[in-house]
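Since the structure comes first, as structure tokens, the remarks are kept for the end.
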Amino acid sequence: MSKALDRFLVSFSSRDQAWFDGYDLDALAAIDVAERAQVEHLLVARLAERDARAARALVAFGSPAALDALRRSLPGSGGELRVEVATALATLTGFDASHAIIEVLADREPFHRIAAALALRACPSSKTFAALLQTAAHDPHRDVRTMAATSLLLAAGVLESPLDISQRELMMRLDADDPAVVSAAAVELAALVKSRLS
């Protein structure tokens, strides 16, 4: 067994912080050609078990088996898994992931909605902008609202990077508890994006 395979398998089996960080993709890239089929088989099995990290790792393979597993996984997926599978398919095939990811904005778990809002940064379109604006204005969870607004501002080119604080005051109002404050901030957000795209 190569050192790279050993490192990858440690991340594959881990249940500590590394589990949240995902698989060791550097180790995956360094795996010997002879070991790749074994790893691909493990990843396809993990994807079938609804492990979103496997979708990210299967992008490194881009093989017919990886693509087939991702395509089979998308229709029945939800939450973070749906976001990761759609993103993987977009990376490998040019698939328009926006519709599949937008559906996750309605998920009951805030973490899944945050993942969807984050992923939609890479899918700029009028459909994406509308979904992100709707989420920024009406999601009951403040973290989801601010992630949707940040993604919208980034996708529209208003913000230069996620670290750009030029719209900090607007983001703070979207984070408010008062629905009237959030609603007024959402109107301002819509106008800001519209002026940028005009």
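Chain labels A, B, ... are given in the sequence in which chains occur in the structure tokens; within each chain residues are numbered consecutively from 1, and ligands are likewise numbered from 1 in the order shown.
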Show me, as JSON lines, the residues of range 90-159 of chain A having an atom within 9 Å of range 65-78 of chain A, each with the closest atom pair and its distance in Å, using only C-alpha atoms.
```
{"residue": "A:Leu92", "atom": "CA", "partner": "A:Leu67", "partner_atom": "CA", "distance": 7.9}
{"residue": "A:Thr93", "atom": "CA", "partner": "A:Leu67", "partner_atom": "CA", "distance": 8.7}
{"residue": "A:Ala100", "atom": "CA", "partner": "A:Leu74", "partner_atom": "CA", "distance": 8.4}
{"residue": "A:Glu103", "atom": "CA", "partner": "A:Gly78", "partner_atom": "CA", "distance": 8.6}
{"residue": "A:Val104", "atom": "CA", "partner": "A:Gly78", "partner_atom": "CA", "distance": 6.8}
{"residue": "A:Asp107", "atom": "CA", "partner": "A:Gly78", "partner_atom": "CA", "distance": 7.9}
{"residue": "A:His112", "atom": "CA", "partner": "A:Gly78", "partner_atom": "CA", "distance": 8.7}
```
Query raised in the report: Lys127 in chain A: which residues within 9 Å, counting only C-alpha atoms, same-chain residues fewer than 2 positions away excluded, as a PyMOL selection string?
Result: chain A and resi 98-99+102+124-125+129-132
Query raised in the report: Tell me, which residues of range 3-193 of chain A carry DSSP helix (DSSP H, G or I), written as number ranges by chain?
Result: A: 3-13, 17-21, 25-29, 33-48, 52-58, 64-73, 79-93, 98-104, 110-122, 126-138, 142-155, 168-174, 179-193
Any chance you could export the current selection's C-alpha atoms as a tab-separated table (two decimals), in the first residue's frame?
```
chain	number	residue	atom	x	y	z
A	3	LYS	CA	1.81	6.19	1.59
A	4	ALA	CA	-0.70	8.27	-0.34
A	5	LEU	CA	-3.32	5.52	-0.14
A	6	ASP	CA	-2.64	5.11	3.56
A	7	ARG	CA	-3.10	8.89	4.13
A	8	PHE	CA	-6.29	8.89	2.10
A	9	LEU	CA	-7.73	5.90	3.98
A	10	VAL	CA	-7.05	7.64	7.31
A	11	SER	CA	-9.16	10.60	6.14
A	12	PHE	CA	-11.74	8.19	4.71
A	13	SER	CA	-12.15	6.40	8.05
A	17	GLN	CA	-12.48	17.05	12.86
A	18	ALA	CA	-10.99	15.63	9.65
A	19	TRP	CA	-14.42	14.14	8.90
A	20	PHE	CA	-15.87	17.64	8.69
A	21	ASP	CA	-12.94	18.84	6.59
A	25	LEU	CA	-7.77	15.19	-1.72
A	26	ASP	CA	-4.00	15.79	-1.96
A	27	ALA	CA	-3.41	12.18	-0.94
A	28	LEU	CA	-6.12	11.08	-3.37
A	29	ALA	CA	-4.34	12.85	-6.23
A	33	VAL	CA	-2.67	4.19	-10.79
A	34	ALA	CA	-2.89	0.58	-9.62
A	35	GLU	CA	-4.75	1.65	-6.46
A	36	ARG	CA	-7.20	4.06	-8.08
A	37	ALA	CA	-9.84	1.44	-8.97
A	38	GLN	CA	-9.99	0.27	-5.36
A	39	VAL	CA	-10.42	3.84	-4.09
A	40	GLU	CA	-13.00	4.69	-6.73
A	41	HIS	CA	-15.01	1.63	-5.68
A	42	LEU	CA	-14.86	2.79	-2.02
A	43	LEU	CA	-16.00	6.30	-2.99
A	44	VAL	CA	-18.89	5.07	-5.13
A	45	ALA	CA	-20.03	2.92	-2.20
A	46	ARG	CA	-19.79	5.89	0.17
A	47	LEU	CA	-21.78	8.04	-2.25
A	48	ALA	CA	-24.50	5.37	-2.23
A	52	ALA	CA	-21.46	14.17	0.44
A	53	ARG	CA	-17.68	14.09	0.78
A	54	ALA	CA	-17.58	11.25	-1.74
A	55	ALA	CA	-19.08	13.50	-4.44
A	56	ARG	CA	-16.20	15.98	-4.02
A	57	ALA	CA	-13.63	13.20	-4.17
A	58	LEU	CA	-15.17	11.54	-7.25
A	64	PRO	CA	-17.38	6.84	-16.52
A	65	ALA	CA	-18.02	4.95	-13.26
A	66	ALA	CA	-17.69	8.14	-11.19
A	67	LEU	CA	-20.00	10.06	-13.53
A	68	ASP	CA	-22.54	7.24	-13.53
A	69	ALA	CA	-22.56	7.11	-9.72
A	70	LEU	CA	-23.01	10.89	-9.49
A	71	ARG	CA	-25.82	10.92	-12.07
A	72	ARG	CA	-27.64	8.08	-10.28
A	73	SER	CA	-27.25	9.85	-6.96
A	79	GLY	CA	-29.50	18.68	1.45
A	80	GLU	CA	-25.72	18.92	1.38
A	81	LEU	CA	-25.49	15.74	-0.70
A	82	ARG	CA	-27.61	17.30	-3.46
A	83	VAL	CA	-25.44	20.43	-3.43
A	84	GLU	CA	-22.21	18.43	-3.65
A	85	VAL	CA	-23.46	16.01	-6.34
A	86	ALA	CA	-24.83	18.83	-8.50
A	87	THR	CA	-21.59	20.79	-8.08
A	88	ALA	CA	-19.51	17.72	-8.97
A	89	LEU	CA	-21.57	17.12	-12.11
A	90	ALA	CA	-21.23	20.78	-13.07
A	91	THR	CA	-17.46	20.54	-12.67
A	92	LEU	CA	-17.16	17.35	-14.69
A	93	THR	CA	-19.75	17.88	-17.43
A	98	SER	CA	-28.43	25.85	-10.32
A	99	HIS	CA	-31.91	24.26	-10.36
A	100	ALA	CA	-30.84	21.31	-8.19
A	101	ILE	CA	-29.04	23.60	-5.73
A	102	ILE	CA	-31.86	26.17	-5.60
A	103	GLU	CA	-34.19	23.38	-4.45
A	104	VAL	CA	-31.99	22.95	-1.36
A	110	PRO	CA	-30.22	25.71	7.98
A	111	PHE	CA	-26.80	24.11	7.38
A	112	HIS	CA	-28.04	22.67	4.07
A	113	ARG	CA	-29.51	26.02	3.03
A	114	ILE	CA	-26.20	27.71	3.85
A	115	ALA	CA	-24.34	25.14	1.72
A	116	ALA	CA	-26.74	25.81	-1.15
A	117	ALA	CA	-26.35	29.59	-0.88
A	118	LEU	CA	-22.58	29.20	-0.85
A	119	ALA	CA	-22.58	26.92	-3.90
A	120	LEU	CA	-24.83	29.26	-5.89
A	121	ARG	CA	-22.01	31.81	-6.04
A	122	ALA	CA	-20.65	29.73	-8.92
A	126	SER	CA	-31.26	35.65	-13.14
A	127	LYS	CA	-32.83	32.50	-11.69
A	128	THR	CA	-30.05	32.20	-9.11
A	129	PHE	CA	-30.18	35.90	-8.25
A	130	ALA	CA	-33.95	35.70	-7.67
A	131	ALA	CA	-33.63	32.63	-5.43
A	132	LEU	CA	-30.81	34.16	-3.38
A	133	LEU	CA	-32.71	37.44	-2.98
A	134	GLN	CA	-35.84	35.56	-1.86
A	135	THR	CA	-33.76	33.64	0.69
A	136	ALA	CA	-31.95	36.77	1.92
A	137	ALA	CA	-35.31	38.48	2.42
A	138	HIS	CA	-37.40	35.69	3.92
A	142	ARG	CA	-30.21	34.83	10.11
A	143	ASP	CA	-27.08	32.91	9.03
A	144	VAL	CA	-28.87	31.65	5.94
A	145	ARG	CA	-30.06	35.18	5.09
A	146	THR	CA	-26.57	36.64	5.35
A	147	MET	CA	-24.96	33.80	3.37
A	148	ALA	CA	-27.58	34.20	0.63
A	149	ALA	CA	-26.98	37.96	0.52
A	150	THR	CA	-23.20	37.52	0.46
A	151	SER	CA	-23.46	35.00	-2.37
A	152	LEU	CA	-25.80	37.29	-4.29
A	153	LEU	CA	-23.47	40.27	-3.90
A	154	LEU	CA	-20.47	38.19	-4.95
A	155	ALA	CA	-22.21	36.64	-7.97
A	168	ARG	CA	-21.21	45.37	6.21
A	169	GLU	CA	-23.98	47.70	7.39
A	170	LEU	CA	-26.47	46.17	4.95
A	171	MET	CA	-25.46	42.67	6.05
A	172	MET	CA	-25.97	43.61	9.70
A	173	ARG	CA	-29.53	44.73	8.94
A	174	LEU	CA	-30.24	41.44	7.12
A	179	PRO	CA	-38.69	41.53	10.24
A	180	ALA	CA	-39.29	45.16	9.19
A	181	VAL	CA	-35.53	45.87	9.31
A	182	VAL	CA	-34.80	42.72	7.32
A	183	SER	CA	-37.47	43.58	4.75
A	184	ALA	CA	-36.11	47.11	4.24
A	185	ALA	CA	-32.57	45.73	3.92
A	186	ALA	CA	-33.77	43.21	1.32
A	187	VAL	CA	-35.29	46.03	-0.76
A	188	GLU	CA	-31.96	47.85	-0.60
A	189	LEU	CA	-30.12	44.63	-1.53
A	190	ALA	CA	-32.35	44.16	-4.58
A	191	ALA	CA	-31.77	47.73	-5.72
A	192	LEU	CA	-28.01	47.41	-5.24
A	193	VAL	CA	-27.84	44.23	-7.32
```
Query raised in the report: What is the CA of Gly157 in chain A to CA of Ser195 in chain A distance in Å?
Result: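 Distance reported for this atom pair: 10.9 Å.
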**Report entry** Computed interatomic separation between CA of Gly62 in chain A and CA of Glu49 in chain A (Å)
**Finding:** 19.6 Å
